[in-house]
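Novice: Before I ask anything, let me first share the structure, which is written out below as structure tokens.
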Amino acid sequence: MAKYTLPDLPYDFAALEPHISGKIMELHHDKHHQAYVTGANTALEQLAEARESGNLANVNKLEKDLAFNLGGHVNHSIFWTNLAPANDGGGGEPEGELRAAIDEFFGGFDRFKAHFTAAATGIQGSGWAVLSWDPIGEQLIIQQLFDQQSNTAQGTIPVFQLDMWEHAFYLDYLNVKADYVSAAWNIANWQNVAQRLDAARGKTAGLLVLS
């Protein structure tokens, strides 16, 4: 059985400072993300054991465990690549087709930022703010993702995600979510987001999730 593995960060732990501290990045990646990878692999192993033994009494619990932990793995794998150091590709404003799409579906970059910020800071409890491509409506939409796997529409493809779990920001920003979201714009990797949007639209191969 294939196992999920923790991807390397595409930059050093401290590379996103002062916007996200190296201490948070180390804990977030090496501890929290690793826990989701371990949890997803454990759930798969236990499901395989249940099939082998024919004892499927715990299948409901194990399916929930898999959805939660695999969701955490996928979300974080996208999140790391959606960010870049401010002096090396992060920040600024999107360009090209990504900017055109944001202008078309949100009425401009400033309105998009305001909407995305409101969605992020308005999450009740733990979750993510997500910019997704909806292949049915052929449009960009903003979604609130609760926990790691709930409240988003099936089939939508995430292109930009911001982690709003407290472990992502509390050491730096305490309970002031708005300051964390504001800082994140300085390290947003719009080139990566643009590549993901192209892939979601079917214009390029790959880069839908983990690359």
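How things are named: the first chain in the structure tokens is A, the next is B, and so on; residues count from 1 in each chain; ligands count from 1 in the order shown.
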Residues within 9 Å of region 152-160 of chain A, please, as a list in words. Count only C-alpha atoms; anything in the same chain fewer than 5 positions from it doesn't count.

Specialist: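 In the requested form, the answer reads Asn75, Ile78, Phe79, Asn82, Ala129, Val130, Leu131, Ser132, Trp133, Asp134, Pro135, Ile136, Ile141, Gln143, Gln144, Leu145, Phe146, Ala188, Asn189, Trp190, Asn192, Val193, Ala194, Gln195, Arg196, Leu197, Ala200, Leu208 and Val209 of chain A.
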
Novice: Restricting the output to N, CA, C and O atoms, write the selected residues as a tab-separated table (two decimals), in the first residue's frame.

Specialist:
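Done, and the output landed in result13.tsv:
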```tsv
chain	number	residue	atom	x	y	z
A	75	ASN	N	-4.61	20.08	2.30
A	75	ASN	CA	-4.69	21.53	2.52
A	75	ASN	C	-3.33	22.14	2.78
A	75	ASN	O	-2.97	23.19	2.22
A	78	ILE	N	-0.98	22.28	-0.30
A	78	ILE	CA	-1.27	23.43	-1.17
A	78	ILE	C	-0.79	24.72	-0.52
A	78	ILE	O	-0.17	25.57	-1.17
A	79	PHE	N	-1.10	24.88	0.77
A	79	PHE	CA	-0.79	26.10	1.50
A	79	PHE	C	0.68	26.47	1.41
A	79	PHE	O	1.04	27.63	1.15
A	82	ASN	N	1.46	27.96	-1.89
A	82	ASN	CA	0.75	29.22	-2.12
A	82	ASN	C	1.47	30.41	-1.52
A	82	ASN	O	1.07	31.56	-1.75
A	129	ALA	N	-9.71	29.66	4.61
A	129	ALA	CA	-10.32	30.45	3.55
A	129	ALA	C	-9.74	29.94	2.23
A	129	ALA	O	-8.53	29.75	2.12
A	130	VAL	N	-10.61	29.72	1.25
A	130	VAL	CA	-10.18	29.04	0.02
A	130	VAL	C	-10.71	29.77	-1.22
A	130	VAL	O	-11.92	30.04	-1.31
A	131	LEU	N	-9.81	30.08	-2.13
A	131	LEU	CA	-10.20	30.52	-3.47
A	131	LEU	C	-10.19	29.29	-4.35
A	131	LEU	O	-9.15	28.61	-4.47
A	132	SER	N	-11.34	28.97	-4.93
A	132	SER	CA	-11.49	27.73	-5.70
A	132	SER	C	-12.03	28.01	-7.09
A	132	SER	O	-12.75	28.99	-7.31
A	133	TRP	N	-11.67	27.10	-7.99
A	133	TRP	CA	-12.26	27.11	-9.33
A	133	TRP	C	-13.43	26.14	-9.34
A	133	TRP	O	-13.29	24.98	-8.96
A	134	ASP	N	-14.59	26.63	-9.75
A	134	ASP	CA	-15.78	25.80	-9.88
A	134	ASP	C	-15.92	25.39	-11.34
A	134	ASP	O	-16.27	26.23	-12.18
A	135	PRO	N	-15.64	24.13	-11.68
A	135	PRO	CA	-15.67	23.72	-13.08
A	135	PRO	C	-17.08	23.63	-13.66
A	135	PRO	O	-17.23	23.63	-14.88
A	136	ILE	N	-18.10	23.56	-12.81
A	136	ILE	CA	-19.47	23.53	-13.31
A	136	ILE	C	-19.91	24.91	-13.75
A	136	ILE	O	-20.39	25.13	-14.87
A	141	ILE	N	-14.62	31.05	-7.03
A	141	ILE	CA	-15.47	31.31	-5.87
A	141	ILE	C	-14.61	31.29	-4.61
A	141	ILE	O	-13.54	30.69	-4.59
A	143	GLN	N	-14.61	30.17	-0.61
A	143	GLN	CA	-15.32	29.27	0.29
A	143	GLN	C	-14.68	29.28	1.67
A	143	GLN	O	-13.47	29.52	1.81
A	144	GLN	N	-15.48	29.02	2.69
A	144	GLN	CA	-14.99	28.77	4.04
A	144	GLN	C	-14.95	27.26	4.25
A	144	GLN	O	-15.97	26.59	4.13
A	145	LEU	N	-13.77	26.75	4.53
A	145	LEU	CA	-13.60	25.33	4.78
A	145	LEU	C	-13.47	25.12	6.28
A	145	LEU	O	-12.53	25.63	6.90
A	146	PHE	N	-14.42	24.43	6.89
A	146	PHE	CA	-14.37	24.19	8.32
A	146	PHE	C	-13.56	22.93	8.63
A	146	PHE	O	-13.62	21.94	7.90
A	188	ALA	N	1.89	36.05	-0.44
A	188	ALA	CA	1.08	35.24	-1.36
A	188	ALA	C	1.86	34.99	-2.64
A	188	ALA	O	2.39	35.94	-3.25
A	189	ASN	N	1.93	33.75	-3.06
A	189	ASN	CA	2.67	33.36	-4.26
A	189	ASN	C	1.69	33.31	-5.43
A	189	ASN	O	1.15	32.25	-5.77
A	190	TRP	N	1.48	34.45	-6.07
A	190	TRP	CA	0.47	34.53	-7.13
A	190	TRP	C	0.87	33.73	-8.36
A	190	TRP	O	-0.01	33.28	-9.11
A	192	ASN	N	2.20	30.74	-8.27
A	192	ASN	CA	1.72	29.40	-7.97
A	192	ASN	C	0.20	29.33	-8.12
A	192	ASN	O	-0.34	28.36	-8.67
A	193	VAL	N	-0.49	30.35	-7.64
A	193	VAL	CA	-1.95	30.39	-7.76
A	193	VAL	C	-2.36	30.40	-9.23
A	193	VAL	O	-3.30	29.70	-9.64
A	194	ALA	N	-1.64	31.18	-10.04
A	194	ALA	CA	-1.94	31.24	-11.47
A	194	ALA	C	-1.73	29.89	-12.14
A	194	ALA	O	-2.53	29.47	-12.99
A	195	GLN	N	-0.67	29.19	-11.76
A	195	GLN	CA	-0.42	27.86	-12.32
A	195	GLN	C	-1.52	26.89	-11.93
A	195	GLN	O	-1.96	26.07	-12.75
A	196	ARG	N	-1.98	26.98	-10.70
A	196	ARG	CA	-3.06	26.10	-10.25
A	196	ARG	C	-4.36	26.41	-10.98
A	196	ARG	O	-5.12	25.50	-11.31
A	197	LEU	N	-4.61	27.68	-11.22
A	197	LEU	CA	-5.83	28.05	-11.95
A	197	LEU	C	-5.77	27.52	-13.39
A	197	LEU	O	-6.76	27.00	-13.90
A	200	ALA	N	-6.50	23.88	-13.20
A	200	ALA	CA	-7.91	23.63	-12.89
A	200	ALA	C	-8.79	23.87	-14.11
A	200	ALA	O	-9.80	23.17	-14.30
A	208	LEU	N	-2.69	20.25	-9.66
A	208	LEU	CA	-4.02	20.47	-9.09
A	208	LEU	C	-3.99	20.47	-7.58
A	208	LEU	O	-4.75	21.17	-6.93
A	209	VAL	N	-3.08	19.69	-6.99
A	209	VAL	CA	-3.11	19.60	-5.53
A	209	VAL	C	-1.73	19.76	-4.93
A	209	VAL	O	-1.41	20.78	-4.36
```

Novice: For region 32-42 of chain A, work out the shell of residues within 12 Å, counting only C-alpha atoms and skipping chain neighbours fewer than 3 positions away, then give it as a PyMOL selection string.

Specialist: chain A and resi 1-9+24-29+45-49+62-80+148+163+165-168

Novice: When DSSP is applied to the backbone of this structure, which of region 85-173 of chain A are assigned helix (DSSP H, G or I)? Write them out as a PyMOL selection string.

Specialist: chain A and resi 96-106+109-121+166-168+170-173

Novice: As a ChimeraX atom specification, please: all residues of region 20-209 of chain A that backbone DSSP puts in strand (DSSP E).

Specialist: /A:127-134,139-146,157-163

Novice: Keeping only N, CA, C and O atoms, write those residues as an mmCIF file, in the first residue's frame.

Specialist:
```cif
data_model
loop_
_atom_site.group_PDB
_atom_site.id
_atom_site.type_symbol
_atom_site.label_atom_id
_atom_site.label_comp_id
_atom_site.auth_asym_id
_atom_site.auth_seq_id
_atom_site.Cartn_x
_atom_site.Cartn_y
_atom_site.Cartn_z
ATOM 1 N N GLY A 127 -10.468 26.364 10.567
ATOM 2 C CA GLY A 127 -10.759 26.142 9.154
ATOM 3 C C GLY A 127 -9.819 26.888 8.239
ATOM 4 O O GLY A 127 -8.728 27.309 8.633
ATOM 5 N N TRP A 128 -10.269 27.061 7.012
ATOM 6 C CA TRP A 128 -9.466 27.666 5.946
ATOM 7 C C TRP A 128 -10.326 28.619 5.128
ATOM 8 O O TRP A 128 -11.526 28.384 4.947
ATOM 9 N N ALA A 129 -9.713 29.655 4.608
ATOM 10 C CA ALA A 129 -10.322 30.446 3.548
ATOM 11 C C ALA A 129 -9.745 29.941 2.227
ATOM 12 O O ALA A 129 -8.527 29.752 2.116
ATOM 13 N N VAL A 130 -10.611 29.717 1.247
ATOM 14 C CA VAL A 130 -10.180 29.043 0.019
ATOM 15 C C VAL A 130 -10.715 29.769 -1.215
ATOM 16 O O VAL A 130 -11.917 30.035 -1.310
ATOM 17 N N LEU A 131 -9.812 30.079 -2.126
ATOM 18 C CA LEU A 131 -10.198 30.519 -3.465
ATOM 19 C C LEU A 131 -10.187 29.289 -4.352
ATOM 20 O O LEU A 131 -9.154 28.614 -4.475
ATOM 21 N N SER A 132 -11.341 28.969 -4.930
ATOM 22 C CA SER A 132 -11.489 27.731 -5.695
ATOM 23 C C SER A 132 -12.025 28.011 -7.092
ATOM 24 O O SER A 132 -12.752 28.988 -7.314
ATOM 25 N N TRP A 133 -11.674 27.102 -7.990
ATOM 26 C CA TRP A 133 -12.257 27.111 -9.328
ATOM 27 C C TRP A 133 -13.430 26.137 -9.342
ATOM 28 O O TRP A 133 -13.294 24.977 -8.955
ATOM 29 N N ASP A 134 -14.590 26.630 -9.748
ATOM 30 C CA ASP A 134 -15.784 25.798 -9.878
ATOM 31 C C ASP A 134 -15.918 25.393 -11.340
ATOM 32 O O ASP A 134 -16.268 26.227 -12.184
ATOM 33 N N GLN A 139 -16.154 29.356 -12.884
ATOM 34 C CA GLN A 139 -15.885 30.626 -12.212
ATOM 35 C C GLN A 139 -15.070 30.405 -10.946
ATOM 36 O O GLN A 139 -15.047 29.311 -10.382
ATOM 37 N N LEU A 140 -14.393 31.457 -10.516
ATOM 38 C CA LEU A 140 -13.717 31.452 -9.234
ATOM 39 C C LEU A 140 -14.728 31.758 -8.139
ATOM 40 O O LEU A 140 -15.579 32.632 -8.297
ATOM 41 N N ILE A 141 -14.621 31.051 -7.026
ATOM 42 C CA ILE A 141 -15.471 31.313 -5.872
ATOM 43 C C ILE A 141 -14.613 31.291 -4.612
ATOM 44 O O ILE A 141 -13.541 30.686 -4.590
ATOM 45 N N ILE A 142 -15.073 31.949 -3.567
ATOM 46 C CA ILE A 142 -14.424 31.927 -2.261
ATOM 47 C C ILE A 142 -15.269 31.063 -1.335
ATOM 48 O O ILE A 142 -16.496 31.201 -1.300
ATOM 49 N N GLN A 143 -14.610 30.168 -0.605
ATOM 50 C CA GLN A 143 -15.320 29.265 0.288
ATOM 51 C C GLN A 143 -14.678 29.279 1.674
ATOM 52 O O GLN A 143 -13.475 29.518 1.809
ATOM 53 N N GLN A 144 -15.483 29.019 2.691
ATOM 54 C CA GLN A 144 -14.992 28.773 4.039
ATOM 55 C C GLN A 144 -14.947 27.264 4.246
ATOM 56 O O GLN A 144 -15.966 26.591 4.131
ATOM 57 N N LEU A 145 -13.768 26.754 4.531
ATOM 58 C CA LEU A 145 -13.595 25.326 4.780
ATOM 59 C C LEU A 145 -13.467 25.125 6.282
ATOM 60 O O LEU A 145 -12.528 25.632 6.898
ATOM 61 N N PHE A 146 -14.418 24.432 6.887
ATOM 62 C CA PHE A 146 -14.372 24.187 8.323
ATOM 63 C C PHE A 146 -13.558 22.932 8.627
ATOM 64 O O PHE A 146 -13.618 21.944 7.896
ATOM 65 N N ILE A 157 -12.054 23.097 -7.115
ATOM 66 C CA ILE A 157 -10.609 22.865 -7.101
ATOM 67 C C ILE A 157 -9.919 24.040 -6.424
ATOM 68 O O ILE A 157 -9.973 25.166 -6.926
ATOM 69 N N PRO A 158 -9.268 23.825 -5.284
ATOM 70 C CA PRO A 158 -8.617 24.930 -4.586
ATOM 71 C C PRO A 158 -7.389 25.429 -5.336
ATOM 72 O O PRO A 158 -6.590 24.637 -5.838
ATOM 73 N N VAL A 159 -7.258 26.750 -5.413
ATOM 74 C CA VAL A 159 -6.071 27.336 -6.042
ATOM 75 C C VAL A 159 -5.300 28.220 -5.068
ATOM 76 O O VAL A 159 -4.103 28.464 -5.259
ATOM 77 N N PHE A 160 -5.968 28.704 -4.018
ATOM 78 C CA PHE A 160 -5.296 29.518 -2.994
ATOM 79 C C PHE A 160 -5.972 29.262 -1.657
ATOM 80 O O PHE A 160 -7.190 29.410 -1.536
ATOM 81 N N GLN A 161 -5.185 28.852 -0.663
ATOM 82 C CA GLN A 161 -5.732 28.525 0.645
ATOM 83 C C GLN A 161 -4.963 29.253 1.746
ATOM 84 O O GLN A 161 -3.732 29.335 1.698
ATOM 85 N N LEU A 162 -5.699 29.748 2.726
ATOM 86 C CA LEU A 162 -5.080 30.370 3.889
ATOM 87 C C LEU A 162 -5.534 29.626 5.136
ATOM 88 O O LEU A 162 -6.728 29.541 5.419
ATOM 89 N N ASP A 163 -4.574 29.105 5.882
ATOM 90 C CA ASP A 163 -4.855 28.333 7.083
ATOM 91 C C ASP A 163 -5.315 29.262 8.198
ATOM 92 O O ASP A 163 -4.588 30.180 8.596
#
```

Novice: Of the residues A:Lys23, A:Phe106, A:Trp185, A:Glu138, which is the one nearest to Gly92 (chain A), using only C-alpha atoms?

Specialist: A:Trp185

Novice: Using only C-alpha atoms, which residue out of A:Lys61, A:Glu95, A:Gly54, A:Phe169 lies closest to Gln191 (chain A)?

Specialist: A:Glu95

Novice: Please tabulate, as JSON lines, the residues of region 57-90 of chain A that come within 12 Å of region 15-21 of chain A, each with its closest pair of atoms and the distance in Å to one decimal, counting only C-alpha atoms and ordering rows by chain, then residue number upward.

Specialist:
```
{"residue": "A:Trp80", "atom": "CA", "partner": "A:Leu16", "partner_atom": "CA", "distance": 10.7}
{"residue": "A:Asn82", "atom": "CA", "partner": "A:Leu16", "partner_atom": "CA", "distance": 11.9}
{"residue": "A:Leu83", "atom": "CA", "partner": "A:Leu16", "partner_atom": "CA", "distance": 8.2}
{"residue": "A:Ala84", "atom": "CA", "partner": "A:Leu16", "partner_atom": "CA", "distance": 6.9}
{"residue": "A:Pro85", "atom": "CA", "partner": "A:Leu16", "partner_atom": "CA", "distance": 4.9}
{"residue": "A:Ala86", "atom": "CA", "partner": "A:Leu16", "partner_atom": "CA", "distance": 6.9}
{"residue": "A:Asn87", "atom": "CA", "partner": "A:Ala15", "partner_atom": "CA", "distance": 9.1}
{"residue": "A:Asp88", "atom": "CA", "partner": "A:Ala15", "partner_atom": "CA", "distance": 9.3}
{"residue": "A:Gly89", "atom": "CA", "partner": "A:Leu16", "partner_atom": "CA", "distance": 11.0}
{"residue": "A:Gly90", "atom": "CA", "partner": "A:Leu16", "partner_atom": "CA", "distance": 8.9}
```

Novice: Emit the selected residues as a JSON list (two decimals), in the first residue's frame, including C-alpha atoms.

Specialist:
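Written file, part-v6.json:
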```json
[["chain", "number", "residue", "atom", "x", "y", "z"],
["A", 80, "TRP", "CA", 3.02, 25.83, 1.58],
["A", 82, "ASN", "CA", 0.75, 29.22, -2.12],
["A", 83, "LEU", "CA", 3.29, 31.20, -0.08],
["A", 84, "ALA", "CA", 6.71, 32.57, -1.00],
["A", 85, "PRO", "CA", 9.21, 34.87, 0.68],
["A", 86, "ALA", "CA", 8.41, 38.55, 0.19],
["A", 87, "ASN", "CA", 11.78, 39.07, -1.52],
["A", 88, "ASP", "CA", 11.47, 35.98, -3.70],
["A", 89, "GLY", "CA", 8.12, 35.82, -5.45],
["A", 90, "GLY", "CA", 5.74, 36.64, -2.61]]
```

Novice: Could you check how far CA of Thr121 (chain A) sits from CA of Glu93 (chain A), in Å to one decimal?

Specialist: 20.8 Å

Novice: Choose the residue, out of A:Tyr170, A:Val181, A:Gly137, A:Ala57, that has the smallest atom-to-atom separation from Phe105 (chain A); count only C-alpha atoms.

Specialist: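 Answer, going by the shortest atom-to-atom distance: A:Gly137.
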
Novice: Please identify every residue of region 31-102 of chain A that has at least one atom no farther than 10 Å from an atom of region 107-116 of chain A, counting only C-alpha atoms, and for each give the shortest atom pair and the distance in Å to one decimal, arranged by chain then increasing number, as a Markdown table.

Specialist:
```
| residue | atom | partner | partner_atom | distance |
| --- | --- | --- | --- | --- |
| A:Glu93 | CA | A:Phe109 | CA | 7.8 |
| A:Pro94 | CA | A:Phe109 | CA | 8.3 |
| A:Arg99 | CA | A:Phe109 | CA | 7.5 |
| A:Ala100 | CA | A:Gly108 | CA | 8.6 |
| A:Ala101 | CA | A:Gly108 | CA | 9.1 |
| A:Ile102 | CA | A:Gly108 | CA | 6.1 |
```

Novice: Write the selection just made, keeping all heavy atoms, as a CSV table (one decimal), in the first residue's frame?

Specialist:
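Listed below is the output, out35.csv:
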```csv
chain,number,residue,atom,x,y,z
A,93,GLU,N,0.6,41.9,-6.5
A,93,GLU,CA,-0.7,41.6,-7.0
A,93,GLU,C,-0.6,40.6,-8.2
A,93,GLU,O,0.4,40.5,-8.9
A,93,GLU,CB,-1.4,42.9,-7.5
A,93,GLU,CG,-1.6,43.9,-6.4
A,93,GLU,CD,-2.5,45.1,-6.9
A,93,GLU,OE1,-2.9,45.1,-8.0
A,93,GLU,OE2,-2.6,46.0,-6.0
A,94,PRO,N,-1.7,39.8,-8.3
A,94,PRO,CA,-1.7,38.8,-9.4
A,94,PRO,C,-1.7,39.5,-10.8
A,94,PRO,O,-2.1,40.7,-10.9
A,94,PRO,CB,-3.0,38.1,-9.2
A,94,PRO,CG,-3.8,39.0,-8.4
A,94,PRO,CD,-2.9,39.7,-7.5
A,99,ARG,N,-5.2,37.6,-12.8
A,99,ARG,CA,-5.8,38.9,-12.5
A,99,ARG,C,-7.1,39.2,-13.3
A,99,ARG,O,-8.0,39.7,-12.7
A,99,ARG,CB,-4.7,40.0,-12.8
A,99,ARG,CG,-5.2,41.4,-12.5
A,99,ARG,CD,-5.7,41.6,-11.1
A,99,ARG,NE,-6.2,42.9,-10.8
A,99,ARG,CZ,-5.4,43.9,-10.2
A,99,ARG,NH1,-4.1,43.6,-9.9
A,99,ARG,NH2,-5.9,45.1,-10.0
A,100,ALA,N,-7.1,38.8,-14.5
A,100,ALA,CA,-8.3,39.0,-15.3
A,100,ALA,C,-9.5,38.2,-14.7
A,100,ALA,O,-10.6,38.7,-14.7
A,100,ALA,CB,-8.0,38.6,-16.8
A,101,ALA,N,-9.2,37.0,-14.3
A,101,ALA,CA,-10.3,36.2,-13.7
A,101,ALA,C,-10.8,36.8,-12.4
A,101,ALA,O,-12.0,36.8,-12.1
A,101,ALA,CB,-9.8,34.8,-13.4
A,102,ILE,N,-9.8,37.3,-11.5
A,102,ILE,CA,-10.2,37.9,-10.3
A,102,ILE,C,-11.1,39.2,-10.6
A,102,ILE,O,-12.1,39.4,-9.9
A,102,ILE,CB,-9.0,38.3,-9.4
A,102,ILE,CG1,-8.4,37.0,-8.9
A,102,ILE,CG2,-9.3,39.3,-8.3
A,102,ILE,CD1,-7.1,37.2,-8.1
```
